[in-house]
Every structure is written in structure tokens, then in C-alpha cells.
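Raw contents of final.txt, compact mmCIF, C-alpha atoms:
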```txt
# COMPACT_ATOMS: atom_id res chain seq x y z
CA MET A 1275 106.35 131.63 141.60
CA LEU A 1276 107.21 135.25 142.41
CA ASN A 1277 109.87 135.30 139.68
CA TRP A 1278 107.33 133.93 137.20
CA GLN A 1279 104.82 136.62 138.19
CA ARG A 1280 107.46 139.35 137.84
CA GLY A 1281 108.39 138.04 134.41
CA TYR A 1282 104.73 138.01 133.40
CA GLN A 1283 104.25 141.60 134.56
CA GLN A 1284 107.38 142.72 132.71
CA LEU A 1285 106.09 141.02 129.57
CA LEU A 1286 102.81 142.93 129.83
CA LYS A 1287 104.66 146.22 130.11
CA LEU A 1288 106.21 145.74 126.68
CA SER A 1289 104.55 147.53 123.78
CA PHE A 1290 102.88 145.45 121.09
CA PRO A 1291 105.54 146.36 118.46
CA ALA A 1292 108.17 145.01 120.89
CA HIS A 1293 106.30 141.68 121.01
CA LEU A 1294 106.29 141.58 117.20
CA VAL A 1295 110.07 142.13 117.13
CA ILE A 1296 110.68 139.39 119.73
CA SER A 1297 108.36 137.00 117.87
CA ALA A 1298 110.15 137.72 114.59
CA PHE A 1299 113.52 137.03 116.23
CA LEU A 1300 112.27 133.72 117.66
CA ARG A 1301 111.05 132.61 114.24
CA LEU A 1302 114.29 133.62 112.55
CA THR A 1303 116.14 131.58 115.16
CA LEU A 1304 113.98 128.53 114.42
CA ILE A 1305 114.53 128.95 110.67
CA CYS A 1306 118.30 129.07 111.20
CA TYR A 1307 118.09 126.05 113.49
CA ALA A 1308 116.16 124.17 110.81
CA GLN A 1309 119.05 124.63 108.36
CA ILE A 1310 121.49 123.07 110.84
CA HIS A 1311 119.10 120.34 111.96
CA ASP A 1312 118.24 119.22 108.42
CA ALA A 1313 121.93 119.05 107.49
CA LYS A 1314 122.84 116.78 110.40
CA SER A 1315 119.75 114.78 111.38
CA THR A 1316 118.08 111.85 109.64
CA VAL A 1317 114.72 113.12 110.95
CA PRO A 1318 114.16 116.45 109.14
CA TYR A 1319 112.79 119.55 110.80
CA THR A 1320 111.38 120.89 107.52
CA ASP A 1321 107.91 119.69 106.56
CA ILE A 1322 107.76 117.29 103.61
CA ASP A 1323 104.97 119.43 102.09
CA TYR A 1324 107.38 122.38 101.97
CA LYS A 1325 109.73 120.31 99.85
CA VAL A 1326 106.86 119.18 97.62
CA VAL A 1327 105.75 122.78 97.00
CA THR A 1328 109.36 123.84 96.36
CA ASP A 1329 109.65 121.10 93.74
CA GLY A 1330 106.42 122.42 92.22
CA ALA A 1331 108.00 125.89 92.04
CA ARG A 1332 111.00 124.37 90.27
CA PHE A 1333 108.72 122.82 87.63
CA ILE A 1334 107.08 126.24 87.08
CA LEU A 1335 110.48 127.86 86.52
CA ASP A 1336 111.25 125.12 83.99
CA GLY A 1337 108.10 126.07 82.08
CA GLY A 1338 106.01 123.16 83.29
CA THR A 1339 103.21 122.54 85.78
CA PRO A 1340 103.61 122.19 89.55
CA PHE A 1341 101.36 119.14 89.33
CA ALA A 1342 104.19 117.29 87.60
CA ARG A 1343 105.50 116.82 91.12
CA HIS A 1344 103.94 113.70 92.60
CA THR A 1345 101.63 114.48 95.57
CA TYR A 1346 101.41 118.22 94.72
CA ARG A 1347 97.78 118.89 95.62
CA TYR A 1348 97.60 122.57 96.42
CA SER A 1349 96.73 125.79 94.66
CA PRO A 1350 99.49 126.80 92.20
CA ILE A 1351 99.72 130.04 94.19
CA MET A 1352 101.64 128.18 96.89
CA ALA A 1353 104.26 127.13 94.34
CA TYR A 1354 104.50 130.69 92.99
CA ILE A 1355 105.07 131.96 96.55
CA GLN A 1356 107.99 129.57 96.95
CA ILE A 1357 109.72 130.40 93.64
CA PRO A 1358 112.27 132.50 95.62
CA ASN A 1359 113.26 129.21 97.29
CA ILE A 1360 114.89 128.30 93.97
CA MET A 1361 116.15 131.72 92.96
CA LEU A 1362 117.30 133.15 96.33
CA HIS A 1363 117.40 130.73 99.25
CA PRO A 1364 115.63 127.45 100.20
CA ALA A 1365 114.30 129.03 103.42
CA PHE A 1366 112.66 132.03 101.74
CA GLY A 1367 109.19 130.47 101.88
CA LYS A 1368 109.57 129.97 105.63
CA LEU A 1369 110.25 133.69 105.97
CA ILE A 1370 107.00 134.43 104.13
CA TYR A 1371 104.97 132.07 106.33
CA SER A 1372 106.60 133.50 109.46
CA LEU A 1373 105.68 137.00 108.27
CA CYS A 1374 102.10 135.75 107.91
CA ASP A 1375 102.34 134.60 111.54
CA LEU A 1376 103.21 138.15 112.60
CA LEU A 1377 100.43 139.65 110.47
CA VAL A 1378 97.92 137.28 112.07
CA GLY A 1379 99.13 138.49 115.48
CA GLN A 1380 98.66 142.10 114.33
CA LEU A 1381 95.10 141.37 113.20
CA ILE A 1382 94.27 139.61 116.47
CA TYR A 1383 95.50 142.66 118.40
CA ALA A 1384 93.52 145.05 116.19
CA LEU A 1385 90.33 142.98 116.30
CA VAL A 1386 90.27 142.53 120.08
CA ARG A 1387 90.74 146.29 120.50
CA LEU A 1388 88.09 146.97 117.88
CA GLU A 1389 85.53 144.82 119.68
CA ALA A 1390 86.19 146.06 123.21
CA GLY A 1391 87.31 149.69 122.89
CA LYS A 1392 90.52 151.59 123.57
CA ALA A 1393 90.81 151.60 127.37
CA THR A 1394 94.16 150.68 128.94
CA THR A 1395 92.82 147.40 130.34
CA ILE A 1396 91.45 146.49 126.90
CA LYS A 1397 94.84 147.24 125.35
CA LYS A 1398 96.45 144.78 127.78
CA LYS A 1399 93.85 142.15 126.93
CA ALA A 1400 94.54 142.71 123.23
CA ILE A 1401 98.28 142.26 123.80
CA ILE A 1402 97.69 139.07 125.82
CA SER A 1403 95.39 137.69 123.11
CA ALA A 1404 97.95 138.41 120.38
CA CYS A 1405 100.77 136.94 122.47
CA CYS A 1406 98.85 133.69 122.80
CA TRP A 1407 99.37 133.36 119.05
CA LEU A 1408 102.79 134.99 118.65
CA TYR A 1409 104.43 132.95 121.44
CA ASN A 1410 102.57 129.71 120.78
CA PRO A 1411 105.38 127.17 120.22
CA LEU A 1412 103.19 124.92 118.09
CA THR A 1413 102.23 127.61 115.58
CA ALA A 1414 105.79 129.01 115.50
CA VAL A 1415 107.25 125.58 114.78
CA ILE A 1416 104.66 124.76 112.14
CA SER A 1417 105.27 127.97 110.16
CA THR A 1418 109.08 127.66 110.41
CA ARG A 1419 108.85 124.05 109.24
CA GLY A 1420 107.36 125.45 106.04
CA SER A 1421 103.62 124.86 106.45
CA GLY A 1422 101.44 127.37 104.60
CA ASP A 1423 98.55 127.22 107.07
CA SER A 1424 99.48 130.60 108.55
CA PHE A 1425 99.03 132.07 105.06
CA THR A 1426 95.52 130.63 104.94
CA SER A 1427 94.76 131.78 108.51
CA LEU A 1428 95.76 135.33 107.59
CA PHE A 1429 92.87 135.61 105.12
CA VAL A 1430 90.40 133.89 107.48
CA ILE A 1431 91.20 136.42 110.23
CA SER A 1432 91.12 139.27 107.67
CA CYS A 1433 87.59 138.26 106.67
CA ILE A 1434 86.43 138.17 110.29
CA TYR A 1435 88.06 141.56 110.94
CA LEU A 1436 86.31 143.22 108.00
CA LEU A 1437 82.90 141.78 108.93
CA VAL A 1438 83.16 142.75 112.61
CA LYS A 1439 84.43 146.21 111.67
CA THR A 1440 81.23 146.94 109.75
CA LYS A 1441 78.82 146.07 112.58
CA ASP A 1442 78.20 149.80 113.21
CA GLN A 1443 78.56 150.72 109.52
CA PRO A 1444 75.56 149.16 107.72
CA SER A 1445 76.30 151.12 104.54
CA ASN A 1446 79.96 150.10 104.31
CA TYR A 1447 79.43 147.70 101.43
CA PHE A 1448 83.01 147.97 100.20
CA ALA A 1449 84.42 146.40 103.40
CA VAL A 1450 81.87 143.57 103.17
CA PHE A 1451 82.77 143.06 99.50
CA CYS A 1452 86.47 142.89 100.45
CA ALA A 1453 85.60 140.34 103.15
CA GLY A 1454 83.91 138.29 100.42
CA LEU A 1455 87.01 138.58 98.20
CA ALA A 1456 89.20 137.33 101.07
CA HIS A 1457 86.77 134.48 101.78
CA GLY A 1458 86.61 133.44 98.12
CA PHE A 1459 90.38 133.56 97.80
CA VAL A 1460 90.96 131.46 100.91
CA ILE A 1461 88.45 128.84 99.67
CA HIS A 1462 90.51 128.73 96.49
CA LEU A 1463 93.59 128.04 98.64
CA ARG A 1464 92.01 125.48 100.98
CA LEU A 1465 88.55 123.94 100.96
CA TYR A 1466 87.84 124.00 104.71
CA PRO A 1467 86.91 127.74 104.99
CA ILE A 1468 83.84 127.05 102.84
CA PHE A 1469 82.25 125.75 106.05
CA PHE A 1470 82.41 129.30 107.46
CA SER A 1471 80.21 130.65 104.66
CA LEU A 1472 76.86 130.22 106.41
CA ALA A 1473 78.21 131.92 109.55
CA TYR A 1474 79.51 134.90 107.56
CA TYR A 1475 76.21 135.16 105.71
CA LEU A 1476 74.05 135.00 108.86
CA CYS A 1477 76.13 137.53 110.80
CA LEU A 1478 75.04 140.14 108.23
CA SER A 1479 71.35 139.28 108.53
CA GLY A 1480 70.53 142.09 110.95
CA GLY A 1481 70.32 140.67 114.47
CA PRO A 1482 68.99 137.71 116.48
CA ILE A 1483 66.77 135.19 114.68
CA ARG A 1484 63.65 134.30 116.66
CA ASN A 1485 62.35 131.21 114.83
CA SER A 1486 62.98 128.83 111.94
CA ILE A 1487 60.70 130.74 109.56
CA GLU A 1488 62.68 133.93 110.11
CA LEU A 1489 65.89 131.96 109.59
CA ILE A 1490 64.69 130.71 106.20
CA GLN A 1491 63.57 134.23 105.23
CA ARG A 1492 66.97 135.73 106.06
CA ILE A 1493 68.72 133.05 104.03
CA VAL A 1494 66.42 133.17 101.01
CA VAL A 1495 65.91 136.97 100.96
CA PRO A 1496 69.35 138.56 101.37
CA ASN A 1497 69.97 142.17 102.30
CA LYS A 1498 72.50 144.39 100.51
CA GLN A 1499 75.43 143.45 102.73
CA GLN A 1500 74.78 139.75 102.18
CA ILE A 1501 74.59 140.31 98.42
CA PHE A 1502 77.96 142.10 98.43
CA LEU A 1503 79.46 139.30 100.55
CA VAL A 1504 78.25 136.60 98.15
CA LEU A 1505 79.35 138.63 95.12
CA GLY A 1506 82.84 139.16 96.58
CA THR A 1507 83.15 135.47 97.48
CA LEU A 1508 82.19 134.31 93.99
CA ILE A 1509 84.62 136.73 92.35
CA GLY A 1510 87.44 135.89 94.77
CA PHE A 1511 87.02 132.17 94.15
CA THR A 1512 86.22 132.03 90.44
CA VAL A 1513 88.86 134.51 89.20
CA PHE A 1514 91.77 132.52 90.61
CA THR A 1515 90.22 129.11 89.97
CA LEU A 1516 89.31 129.81 86.33
CA THR A 1517 92.71 131.43 85.70
CA PHE A 1518 94.61 128.36 86.86
CA TYR A 1519 92.16 126.07 85.08
CA LYS A 1520 92.99 127.81 81.80
CA ILE A 1521 96.71 127.43 82.53
CA TYR A 1522 96.84 123.90 83.94
CA GLY A 1523 93.55 122.33 82.81
CA TRP A 1524 91.69 119.43 84.36
CA GLN A 1525 94.74 118.18 86.24
CA TYR A 1526 94.61 121.31 88.41
CA LEU A 1527 90.93 120.77 89.36
CA HIS A 1528 91.49 117.11 90.10
CA GLU A 1529 94.61 117.46 92.21
CA SER A 1530 93.59 120.63 94.08
CA TYR A 1531 89.89 119.86 94.72
CA PHE A 1532 88.32 116.61 93.54
CA TYR A 1533 91.12 114.42 94.86
CA HIS A 1534 90.29 115.42 98.44
CA PHE A 1535 86.77 113.99 98.10
CA VAL A 1536 87.95 110.53 97.02
CA ARG A 1537 91.31 110.26 98.78
CA LYS A 1538 92.12 107.34 101.04
CA ASP A 1539 94.53 108.31 103.78
CA VAL A 1540 95.91 105.24 105.52
CA ARG A 1541 98.97 106.88 107.02
CA HIS A 1542 98.64 107.20 110.78
CA ASN A 1543 97.12 110.47 111.97
CA PHE A 1544 95.04 111.84 114.85
CA SER A 1545 91.69 111.17 113.17
CA LEU A 1546 89.00 109.07 114.83
CA TYR A 1547 88.46 107.43 111.44
CA PHE A 1548 92.09 106.44 110.79
CA LEU A 1549 91.75 102.78 111.78
CA MET A 1550 88.49 102.35 109.88
CA GLN A 1551 90.08 103.74 106.71
CA TYR A 1552 93.20 101.61 107.20
CA LEU A 1553 91.14 98.42 107.54
CA ASN A 1554 89.04 99.35 104.48
CA ASN A 1555 92.03 100.11 102.26
CA SER A 1556 91.49 97.44 99.62
CA ASP A 1557 89.83 97.08 96.25
CA ALA A 1558 87.19 94.85 97.85
CA ALA A 1559 86.20 97.72 100.12
CA GLU A 1560 85.44 100.18 97.31
CA GLU A 1561 81.69 99.72 97.73
CA SER A 1562 81.84 100.94 101.33
CA THR A 1563 83.70 104.14 100.41
CA LEU A 1564 80.56 106.25 99.93
CA PHE A 1565 79.12 105.01 103.21
CA ILE A 1566 82.37 105.87 105.01
CA LYS A 1567 82.42 109.35 103.47
CA PHE A 1568 78.81 109.89 104.57
CA LEU A 1569 79.66 108.61 108.05
CA ILE A 1570 82.49 111.13 108.26
CA MET A 1571 80.78 114.14 106.64
CA GLY A 1572 77.32 113.71 108.20
CA PRO A 1573 78.16 114.72 111.79
CA GLN A 1574 80.42 117.49 110.49
CA LEU A 1575 77.71 119.10 108.41
CA LEU A 1576 75.06 118.84 111.15
CA LEU A 1577 77.36 120.51 113.68
CA VAL A 1578 78.39 123.20 111.17
CA VAL A 1579 74.75 124.17 110.60
CA TYR A 1580 73.90 124.04 114.31
CA LEU A 1581 76.90 126.13 115.41
CA SER A 1582 76.44 128.63 112.57
CA VAL A 1583 72.80 129.24 113.48
CA SER A 1584 73.57 129.36 117.21
CA PHE A 1585 76.56 131.72 117.23
CA ALA A 1586 76.60 133.65 113.95
CA GLN A 1587 73.49 135.78 114.46
CA LEU A 1588 75.58 138.62 115.93
CA ARG A 1589 78.89 139.89 114.62
CA GLN A 1590 80.22 140.09 118.20
CA THR A 1591 79.97 136.28 118.46
CA LEU A 1592 81.34 135.60 114.97
CA PRO A 1593 84.95 134.92 116.11
CA PHE A 1594 83.80 132.23 118.55
CA CYS A 1595 81.51 130.79 115.90
CA VAL A 1596 84.38 130.48 113.41
CA PHE A 1597 86.62 128.99 116.12
CA SER A 1598 84.04 126.36 117.05
CA LEU A 1599 83.44 125.55 113.39
CA ALA A 1600 87.17 125.13 112.73
CA PHE A 1601 87.45 122.99 115.86
CA VAL A 1602 84.66 120.71 114.67
CA ILE A 1603 86.03 120.51 111.12
CA VAL A 1604 89.42 119.38 112.41
CA THR A 1605 88.14 117.05 115.13
CA TYR A 1606 85.66 115.26 112.84
CA ASN A 1607 87.87 115.22 109.74
CA SER A 1608 88.96 112.01 108.07
CA VAL A 1609 92.58 113.17 108.33
CA VAL A 1610 93.96 115.17 111.28
CA THR A 1611 97.58 116.32 111.50
CA SER A 1612 99.29 118.87 113.74
CA GLN A 1613 99.18 121.49 110.97
CA TYR A 1614 95.38 121.39 111.04
CA PHE A 1615 95.39 122.65 114.64
CA VAL A 1616 96.46 126.05 113.28
CA TRP A 1617 93.00 126.36 111.69
CA TYR A 1618 91.41 126.97 115.09
CA LEU A 1619 94.43 128.12 117.11
CA ALA A 1620 94.56 131.24 114.92
CA VAL A 1621 90.97 132.15 115.86
CA LEU A 1622 91.03 131.12 119.54
CA PRO A 1623 92.89 134.28 120.76
CA LEU A 1624 89.98 136.38 119.46
CA CYS A 1625 87.69 134.65 121.97
CA LEU A 1626 89.84 134.67 125.11
CA THR A 1627 88.15 137.73 126.61
CA LYS A 1628 84.74 136.06 126.32
CA PHE A 1629 85.23 133.48 129.11
CA PRO A 1630 85.04 135.62 132.29
CA LEU A 1631 83.59 132.80 134.40
CA MET A 1632 86.29 130.27 133.49
CA SER A 1633 89.08 130.22 136.08
CA CYS A 1634 92.77 130.10 135.18
CA SER A 1635 93.07 126.64 136.74
CA ARG A 1636 90.21 125.42 134.56
CA CYS A 1637 91.87 126.83 131.44
CA VAL A 1638 95.17 125.18 132.37
CA PHE A 1639 93.39 121.89 132.95
CA LEU A 1640 91.79 121.96 129.48
CA LEU A 1641 95.13 122.87 127.88
CA VAL A 1642 96.96 120.04 129.68
CA LEU A 1643 94.18 117.64 128.72
CA TRP A 1644 94.52 118.65 125.04
CA ILE A 1645 98.32 118.22 125.14
CA CYS A 1646 98.05 114.84 126.92
CA GLY A 1647 95.64 113.63 124.24
CA GLN A 1648 98.32 114.29 121.63
CA ALA A 1649 101.14 112.85 123.75
CA LEU A 1650 99.25 109.59 124.29
CA TRP A 1651 98.85 109.30 120.52
CA LEU A 1652 102.48 110.15 119.76
CA LEU A 1653 103.88 107.14 121.62
CA PRO A 1654 102.32 104.41 119.42
CA ALA A 1655 102.88 106.63 116.36
CA TYR A 1656 106.60 106.84 117.20
CA LEU A 1657 106.82 103.08 117.72
CA LEU A 1658 105.18 102.50 114.34
CA GLU A 1659 107.18 105.12 112.42
CA PHE A 1660 110.65 104.56 113.84
CA LYS A 1661 110.56 101.11 115.49
CA THR A 1662 108.27 99.44 112.91
CA TRP A 1663 106.04 98.01 115.64
CA HIS A 1664 102.53 97.00 114.58
CA THR A 1665 100.62 99.57 116.67
CA PHE A 1666 97.70 100.37 114.35
CA ASN A 1667 95.03 99.29 116.83
CA TRP A 1668 96.76 101.24 119.57
CA ILE A 1669 96.88 104.35 117.37
CA GLY A 1670 93.19 103.89 116.56
CA LEU A 1671 92.36 103.69 120.27
CA GLN A 1672 94.36 106.83 121.07
CA GLY A 1673 92.69 108.61 118.16
CA ALA A 1674 89.33 107.83 119.78
CA VAL A 1675 90.58 109.13 123.14
CA PHE A 1676 91.79 112.36 121.51
CA PHE A 1677 88.41 112.71 119.78
CA ILE A 1678 86.58 112.40 123.11
CA ILE A 1679 88.94 114.92 124.73
CA ASN A 1680 88.37 117.45 121.95
CA ASN A 1681 84.60 117.10 122.21
CA TYR A 1682 84.77 117.59 125.97
CA ILE A 1683 86.92 120.73 125.55
CA LEU A 1684 84.55 122.22 122.97
CA THR A 1685 81.56 121.48 125.22
CA GLN A 1686 83.27 123.26 128.10
CA LEU A 1687 84.10 126.29 125.97
CA ILE A 1688 80.55 126.56 124.62
CA THR A 1689 79.09 126.20 128.13
CA ASN A 1690 81.34 128.92 129.56
CA TYR A 1691 81.12 131.32 126.61
CA ASP A 1692 79.63 134.65 127.74
CA CYS A 1693 76.72 135.13 125.32
CA LYS A 1694 74.44 136.99 127.75
CA SER A 1695 76.60 140.10 128.17
CA ILE A 1696 76.99 140.30 124.39
CA GLU A 1697 73.22 140.11 123.90
CA ILE A 1698 72.66 142.83 126.54
CA THR A 1699 75.25 145.08 124.89
CA ASN A 1700 73.64 144.53 121.52
CA LYS A 1701 70.15 145.44 122.86
CA LYS A 1702 71.51 148.67 124.36
CA ARG A 1703 72.96 149.66 120.97
CA LEU A 1704 69.64 148.97 119.34
```
Just dump the structure as C-alpha cells.
Amino acid sequence: MLNWQRGYQQLLKLSFPAHLVISAFLRLTLICYAQIHDAKSTVPYTDIDYKVVTDGARFILDGGTPFARHTYRYSPIMAYIQIPNIMLHPAFGKLIYSLCDLLVGQLIYALVRLEAGKATTIKKKAIISACCWLYNPLTAVISTRGSGDSFTSLFVISCIYLLVKTKDQPSNYFAVFCAGLAHGFVIHLRLYPIFFSLAYYLCLSGGPIRNSIELIQRIVVPNKQQIFLVLGTLIGFTVFTLTFYKIYGWQYLHESYFYHFVRKDVRHNFSLYFLMQYLNNSDAAEESTLFIKFLIMGPQLLLVVYLSVSFAQLRQTLPFCVFSLAFVIVTYNSVVTSQYFVWYLAVLPLCLTKFPLMSCSRCVFLLVLWICGQALWLLPAYLLEFKTWHTFNWIGLQGAVFFIINNYILTQLITNYDCKSIEITNKKRL
């Protein structure tokens, strides 16, 4: 225990640039390991989506469309990013996503310091918060496997940073406009950040909302900052979307956007709704598709509105609001894979200083509970994938257990989130 404590203290003494260098080295090591692993193992380290996007990049170089690659359902930008995979080295895209990992860590460090000040203790808290991302084995593995979720997370965190930065600068419309551009661009990349829109909009409304009438007024009658946010979002989304529509036509819109509203995912995943979708995967079940979509989207939308109104009224609580929204979007989604966890793990470090009443043992308990929920699911998934056992019902049961665990964790975090001190600080500033 003493050795562990000494190691922890030595880690805290390191400067933040030193942590970035160590994190970069760790990711380079994993990328090199992936090359060896993929060459010798029948179970690849590299994500299948990375290979799909690389094939899409190859089609672009040949003068075609990335959507000629079966199952390519992303923005063409992802294929353009991975063109160096063909021209330079197959692992080049992993280097880009790992660099995005480091940039996310830099933004986390900057944002925590921005919110809390420049005291020495705050600097240590900022380093600890950033390290929770930089040294997170799950996020490091996901980016070095070739998942582009760290690229998406970079623009989500950038948007939060710009909005929080302007809390004491009401006339800084340019920063708000840039936040809108980042938000519009990231919606173009992935659809899920659109659920953050109401939170971003409300955090610029000018302070706490006292009743439902005032809420409606602040939504219907925007101030200048809200107008610049909406304008930036529309430009950021439409410029890229219309450009690729002109290049690739209807196929681009269908594969990148519309497909995700009608897709049927019957491959095993963490979702509560996996078993229901698997059992309804037949032509005879087409009539129940709309009901199933409503069943899935209904609770999501209700919680998105509730959490946005509850935690987005102040810019100081915006990071926790976005975290809770991402957590709900993933937990209640029709498809849940390990890559989706990055959506909220990237935002969680921004909130770590806001749980002063939660003990370390309590935090460890919630973390272990979250990991156990995944481990319990992985056993039947492994037996299905590699042993061909019929474990669909077992997977469905474990998906329900993981769903309950996630809801319990979110409830605990919301209960222990320190809103009162933030409200007092905000009143003093006013």
C-alpha cells in the first residue's frame, strides 16, 4: 500500500506535458503491438470498422465513392482521414486517433483549470482529471484499435470548452459561433451529439430558470449568444453535409443518416433491447418496427429533455449535463458497444471535482460495479461468438443487468453532484 501511495505521489509531481509524453508512448506501444498481434492471431486487435473505413479510402483514391464498400456508413471525412493508410502506412489512422486522445486530455486539463482557477491545488486536480482520460486503458485501446470516437469526442469537448469560456464574456459572440461550428460539424460526423443541442442552447439563456413559462420564453425568444450558437451549428452541419451530398448523392444521405433510423441490429451487444430486436428480426415482424423504435426512443427523449432543463441552466454545470446526456444516450440505445462508452468517458473527467461528498471507496465501488456488469455480459458473448453456444437469452438477461447497473450509477452520480456550491458561487458573481 505504501509503495502504491509513493507511486501515486510521484505521478502527481510530474508536469502535465510529461503525462502527455508518457500517454503518447503508451499509445505508440499499443499500435506497434497491434501490428504484431494482427499478423499472428486469428482474433484481430484492429477494429473491423477501421478496415471498413480504410477500404472506403481506397475507393476514394480509385476515383469512386467510399459507400461502394459494403457496411460503410460514416461521413466521407473519416475515409479522407484514413487515405494515408493506403499511401503511407496502414496504422496511420490509428496515429491520428491517438493524437485526438492526447488533444482531448489537453482540453480536459485546460477546462478544469478554467473553471476552478489557477491555484496549485486546482492544477493538481486538473492533472488528475486529465490523467483519468489519458491513462484510461479502455479509451487507449479503443483509439489504437482504430475507432474514430476520440475524433468525435475532441469536437464535443471543444464545444463545451468554448461555451464555458464565455460565461464571463457575454459579448464574445465569436467564441459562441465557433462552438456552434464545432457542434454542427460533430453532428455531421455522428448523430448522437444532436441530443446535446438543447443543453448548449439553455446554458446561454442567462441564468437559472424559475418556472415553465420562463423556460418557454427563453427557448422561443433567443438572445444574441443563442442566435450565434444556432447560426454556427447550422453552418457547421449544412456546409459539410451539402458538399458531400453534391459529391456522392442520395447514397451518402441514406448510408450516413437515414439507415440508422431503420437499421435492425441483431448481432449481440450490451443493449437492453438486443434480445427483443433479435426475436423480431423477420419479415413478419415489420409492423412492430415503429412500435419498437418508439419504445426505444421515448425514454431517451424524455430523459434528454429532463436532464437538459435540470443541469444546463448554468454553464458551470454544462459538463455534467453533457456527461449525463451521453450516459443516457448510450445506456438506452438500441445498440451498445464498447466504443460507445467513449462518448461519456471523455466528458466524465470534467466532472470529477464536483463530487466532494462521494468517498473514494464509493467511487471504487461504482467503478467495479460498472466493470462487473460488462464482465458478466462478456462470458455468454464469448461462448456465442467463439464456441457457437446458443446463449441469446443469457446475453439478453445480462444486458438487462448491465442496464440496471448503469441506471443505478447515474442515479448515484446525480444525487452526489454538488449543485449547491455552484449555485452559491453563481449568485455571488451576480
Excluding range 1521-1535 of chain A and residues on its chain fewer than 3 positions from it, collect all residues at most 6 Å away from it, counting all atoms listed in the file, and give them as a list in words.
Arg1347, Tyr1348 and Phe1518 of chain A
Would you mind listing what lies within 8 Å of range 1595-1608 of chain A as a PyMOL selection string, with all atoms listed in the file counted and same-chain residues fewer than 6 positions away left out?
chain A and resi 1466+1469-1470+1473+1539+1545-1548+1570-1571+1573-1574+1577-1578+1581-1582+1585-1586+1614-1615+1617-1619+1621-1622+1677+1680-1681+1684
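Using all atoms listed in the file, the nearest neighbour of Leu1388 in chain A within the list A:Thr1316, A:Thr1440, A:Gln1648, A:Thr1662 is A:Thr1440.
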With only C-alpha atoms as the counted atoms, please give the residues lying no more than 9 Å from His1457 in chain A, apart from itself and same-chain residues fewer than 5 positions off, as a count of residues only.
15
What's the 12 Å shell around Leu1653 in chain A, counting only C-alpha atoms, without same-chain residues fewer than 4 positions away, as JSON, numbers by chain?
{"A": [1646, 1647, 1648, 1649, 1657, 1658, 1659, 1660, 1661, 1663, 1665, 1666, 1668, 1669, 1672, 1673]}
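Within 9 Å of the point (78.3, 138.6, 116.8), and counting only C-alpha atoms, the protein, DNA and RNA residues are A:Val1438, A:Lys1441, A:Cys1477, A:Gly1481, A:Phe1585, A:Ala1586, A:Gln1587, A:Leu1588, A:Arg1589, A:Gln1590, A:Thr1591, A:Leu1592, A:Pro1593, A:Phe1594, A:Cys1595, A:Ile1696, A:Glu1697, A:Asn1700.
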Suppose you want the space between CA of Leu1335 in chain A and CA of Ala1313 in chain A; what is it in Å?
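That distance, rounded to one decimal, is 25.5 Å.
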Quick one: distance from CA of Lys1325 in chain A to CA of Tyr1552 in chain A in Å, one decimal?
26.0 Å
Given all atoms listed in the file as the counted atoms, nearest of A:Gly1422, A:Gly1330, A:Pro1350, A:Gly1572 to Cys1374 in chain A:
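The answer is A:Gly1422, which sits nearest to Cys1374 in chain A.
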What is the CA of Ile1493 in chain A-CA of Leu1478 in chain A distance in Å, reported with one decimal?
10.4 Å
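Minimum atom-to-atom distances from A:Ile1483, A:Glu1389, A:Pro1291, A:Leu1643 to Val1675 in chain A were compared using all atoms listed in the file, and the lowest value belongs to A:Leu1643.
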Using all atoms listed in the file, which of A:Leu1300, A:Val1616, A:Gly1367, A:Ile1357 sits nearest Asp1423 in chain A?
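Answer, going by the shortest atom-to-atom distance: A:Val1616.
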Name all residues at most 9 Å from Gln1499 in chain A (count only C-alpha atoms; drop same-chain ones fewer than 6 positions away) and give them as a list in words.
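The filter keeps Pro1444, Ser1445, Asn1446, Tyr1447, Val1450, Phe1451, Tyr1475, Leu1478 and Ser1479 of chain A.
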Some atoms are missing, so please complete range 1592-1596 of chain A with all heavy atoms and return it as a PDB file, keeping the file's coordinate frame.
```pdb
ATOM      1  N   LEU A1592      80.810 136.246 116.177  1.00  0.00           N
ATOM      2  CA  LEU A1592      81.340 135.600 114.970  1.00  0.00           C
ATOM      3  C   LEU A1592      82.702 134.940 115.198  1.00  0.00           C
ATOM      4  O   LEU A1592      82.908 133.804 114.742  1.00  0.00           O
ATOM      5  CB  LEU A1592      81.428 136.620 113.831  1.00  0.00           C
ATOM      6  CG  LEU A1592      81.970 136.076 112.497  1.00  0.00           C
ATOM      7  CD1 LEU A1592      81.060 134.977 111.950  1.00  0.00           C
ATOM      8  CD2 LEU A1592      82.110 137.206 111.474  1.00  0.00           C
ATOM      9  N   PRO A1593      83.668 135.591 115.896  1.00  0.00           N
ATOM     10  CA  PRO A1593      84.950 134.920 116.110  1.00  0.00           C
ATOM     11  C   PRO A1593      84.822 133.574 116.809  1.00  0.00           C
ATOM     12  O   PRO A1593      85.461 132.599 116.409  1.00  0.00           O
ATOM     13  CB  PRO A1593      85.742 135.925 116.960  1.00  0.00           C
ATOM     14  CG  PRO A1593      85.168 137.249 116.590  1.00  0.00           C
ATOM     15  CD  PRO A1593      83.700 136.988 116.390  1.00  0.00           C
ATOM     16  N   PHE A1594      83.973 133.512 117.853  1.00  0.00           N
ATOM     17  CA  PHE A1594      83.800 132.230 118.550  1.00  0.00           C
ATOM     18  C   PHE A1594      83.104 131.220 117.652  1.00  0.00           C
ATOM     19  O   PHE A1594      83.409 130.023 117.707  1.00  0.00           O
ATOM     20  CB  PHE A1594      83.004 132.413 119.831  1.00  0.00           C
ATOM     21  CG  PHE A1594      82.827 131.134 120.605  1.00  0.00           C
ATOM     22  CD1 PHE A1594      83.897 130.568 121.272  1.00  0.00           C
ATOM     23  CD2 PHE A1594      81.598 130.481 120.643  1.00  0.00           C
ATOM     24  CE1 PHE A1594      83.747 129.379 121.979  1.00  0.00           C
ATOM     25  CE2 PHE A1594      81.438 129.304 121.334  1.00  0.00           C
ATOM     26  CZ  PHE A1594      82.519 128.743 122.013  1.00  0.00           C
ATOM     27  N   CYS A1595      82.187 131.690 116.828  1.00  0.00           N
ATOM     28  CA  CYS A1595      81.510 130.790 115.900  1.00  0.00           C
ATOM     29  C   CYS A1595      82.508 130.166 114.933  1.00  0.00           C
ATOM     30  O   CYS A1595      82.508 128.947 114.721  1.00  0.00           O
ATOM     31  CB  CYS A1595      80.427 131.554 115.128  1.00  0.00           C
ATOM     32  SG  CYS A1595      79.511 130.527 113.968  1.00  0.00           S
ATOM     33  N   VAL A1596      83.381 130.988 114.355  1.00  0.00           N
ATOM     34  CA  VAL A1596      84.380 130.480 113.410  1.00  0.00           C
ATOM     35  C   VAL A1596      85.353 129.544 114.119  1.00  0.00           C
ATOM     36  O   VAL A1596      85.745 128.507 113.575  1.00  0.00           O
ATOM     37  CB  VAL A1596      85.132 131.646 112.745  1.00  0.00           C
ATOM     38  CG1 VAL A1596      86.275 131.129 111.861  1.00  0.00           C
ATOM     39  CG2 VAL A1596      84.174 132.484 111.898  1.00  0.00           C
TER      40      VAL A1596
END
```
